[in-house]
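To start, the structure itself, in C-alpha cells.
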Amino acid sequence: VIELYDSHGIPPELVKEKVEKMGLKVEVPDNFYEVIAQRHYKPEVKPKASVYDRYEEYLKKLPETKLLYYEDPRARRFRARVLACLDGRYVVLDKTAFYPEGGGQLYDTGYIKHSKGVSRVLEVQKHKHYVIHVVDKPVPAGEEVECEIDWNRRARLTRHHTATHIILGAARRVLGSHVWQAGSKKDENEARLDISHYKRISREELEKIEELANKVVMENRKVNVKFVDRGEAERTYGFRIYQGGVVPGEKLRIVEIEGWDVEACGGTHCATTGEVGF
C-alpha cells in the first residue's frame with residue numbers, strides 16, 4: 001500500500017477497495033502519512049568533498065552567520081562586517097540578507113561595496129553554520145561594507161517558489177489528496193514541480209489546475225511564515241508539511257498560504273499570493 005502510494009500516487013482507499021474484491025486483506029497503518037514522510041527523509045550521509053572543507057579550521061573560529069533573509073525578507077540593502085575573505089574569492093560576513101542555494105531555490109546575486117571598490121556576488125552557498133559569498137574581486141577583511149541584492153532576480157525566484165506551493169495545492173484538489181511533491185526547482189526564469197500521480201494528467205485536469213491556481217493568485221491570500229516546534233507543527237498540520245522531505249531540527253519554518261497549502265520550507269516567499277502574478 002505504501003509503495004503504490006509513494007511511487008505511483010495510488011491512494012490507500014482505492015487500493016483497499018480494489019484488492020479486497022480479490023479476497024485479500026488490506027491494512028492501512030494508523031501512521032500511514034508519517035511512514036510516507038519518513039521515506040522522503042534522506043538520512044545524513046557523509047557530505048561530498050566541498051571547496052570550503054579546506055577552510056574548516058579557520059571557519060570554526062568565526063561566529064555563525066546571522067541570517068537576515070529570515071529576519072527581514074524584504075531587505076534589499078544591508079550593512080555587514082567582513083569576517084574573512086578566503087583566497088580572495090570566498091567572503092564570510094557577520095550577517096547576510098543574500099539567500100544561499102537551498103530547497104530547490106537558486107542563490108541570490110548582487111554587490112558588495114567596500115573601500116577598494118565594488119565586488120560582484122556571483123554565487124551564495126551555505127556551509128554548515130556559515131554563508132559563503134563567492135565574489136569576482138577580493139573584499140578587504142575587517143571592513144564594514146554595504147551590500148545590495150539583485151532584487152529583480154530575488155523577486156522572480158520568490159514568485160516562482162510561492163507559485164509551486166499554490167500549484168501543489170491546486171493539483172491535490174483536482175487530482176486527489178494522494179498527490180505528493182516528488183521534486184522541484186525554482187529558477188530565475190521558470191520553475192518546475194514534480195508530483196506523484198497514478199496516471200497521465202489530462203488536458204482538462206491541467207486546465208482546472210491552472211484555473212484554480214490563478215484564482216488563488218487573484219484572491220491575494222496572505223502567505224504566513226513562522227518558526228514552530230516540530231511536535232506542535234506535526235500535531236497542527238500533520239505530516240503533509242514534509243512535501244520536500246523531512247526537515248532536520250527541533251524548529252520548523254512553516255509557510256502557510258491561508259486556507260490553501262502548508263509546508264515546512266526554508267525558501268523565500270511572497271507576502272501574498274497576488275504578488276505571484278498569472
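Chain lettering (A, B, ...) mirrors the order of the C-alpha cells, residue numbering begins at 1 for each chain separately, and ligand numbering begins at 1 in order of display.
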
Would you list the contacts of A:His197 as a ChimeraX atom specification, taking every protein, DNA or RNA residue within 12 Å and counting only C-alpha atoms, but skipping same-chain residues closer than 2 positions in sequence? /A:4-11,171-172,174-182,194-195,199-202

Which residues, written as a ChimeraX atom specification, have at least one atom at most 12 Å from A:Glu211, with only C-alpha atoms counted and residues fewer than 4 positions away on the same chain left out? /A:166-167,170-171,173-174,204-207,215-218,278

Using only C-alpha atoms, which residues of stretch 186-277 of chain A come within 12 Å of stretch 68-80 of chain A, and what is the closest atom pair for each, with the distance in Å to one decimal? Give it as JSON lines, sorted by chain and residue number.
{"residue": "A:Val225", "atom": "CA", "partner": "A:Tyr70", "partner_atom": "CA", "distance": 9.4}
{"residue": "A:Lys226", "atom": "CA", "partner": "A:Tyr70", "partner_atom": "CA", "distance": 9.7}
{"residue": "A:Phe227", "atom": "CA", "partner": "A:Tyr70", "partner_atom": "CA", "distance": 10.1}
{"residue": "A:Arg253", "atom": "CA", "partner": "A:Tyr70", "partner_atom": "CA", "distance": 9.6}
{"residue": "A:Ile254", "atom": "CA", "partner": "A:Tyr70", "partner_atom": "CA", "distance": 12.0}
{"residue": "A:Cys265", "atom": "CA", "partner": "A:Tyr70", "partner_atom": "CA", "distance": 11.6}
{"residue": "A:Gly266", "atom": "CA", "partner": "A:Tyr70", "partner_atom": "CA", "distance": 8.9}
{"residue": "A:Gly267", "atom": "CA", "partner": "A:Tyr70", "partner_atom": "CA", "distance": 9.1}
{"residue": "A:Thr268", "atom": "CA", "partner": "A:Pro73", "partner_atom": "CA", "distance": 7.2}
{"residue": "A:His269", "atom": "CA", "partner": "A:Pro73", "partner_atom": "CA", "distance": 8.3}
{"residue": "A:Cys270", "atom": "CA", "partner": "A:Pro73", "partner_atom": "CA", "distance": 9.3}
{"residue": "A:Ala271", "atom": "CA", "partner": "A:Arg74", "partner_atom": "CA", "distance": 9.5}

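Minimum atom-to-atom distance to A:Arg154, evaluated using only C-alpha atoms, belongs to A:Leu106 out of A:Leu106, A:Val131, A:Val118, A:Val82.
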
Expected answer as a PyMOL selection string: strand (DSSP E or B) residues in stretch 22-270 of chain A: chain A and resi 66-67+77-86+90-93+95-96+102+105+110-114+117-127+130-135+144-149+181-186+191-195+222-229+251-257+261-264

Non-local contacts of A:Lys113 (9 Å; only C-alpha atoms; under 5 positions in same chain excluded) as a VMD selection string: chain A and resid 118 to 120 139 145 to 148

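Using only C-alpha atoms, the shortest contact distance between A:Ala163 and any of A:Val124, A:Pro140, A:Arg192, A:Val228 is found at A:Arg192.
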
From the set A:Asp261, A:Glu13, A:Asp187, A:Glu250, which residue has the shortest atom-to-atom contact distance to A:His165, counting only C-alpha atoms? A:Asp261

Between A:Asp94, A:Asp150, A:Cys85, A:Glu101, smallest distance to A:Val135 by only C-alpha atoms belongs to A:Cys85

Hey, can you check how far atom CA of A:Val15 sits from atom CA of A:Pro29?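 Value for the atom CA of A:Val15-atom CA of A:Pro29 distance: 13.4 Å.
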
Among stretch 30-268 of chain A, which ones does DSSP place in alpha helix (DSSP H), written as number ranges by chain? A: 32-40, 56-59, 68-71, 151-175, 203-218, 230-237

Give me, please, the distance in Å between atom CA of A:Lys21 and atom CA of A:Ile2, quoted to one decimal.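 We find that atom CA of A:Lys21 and atom CA of A:Ile2 lie 19.1 Å from each other.
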
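Pairwise distance (atom CA of A:Lys137, atom CA of A:Thr158) equals 27.6 Å.
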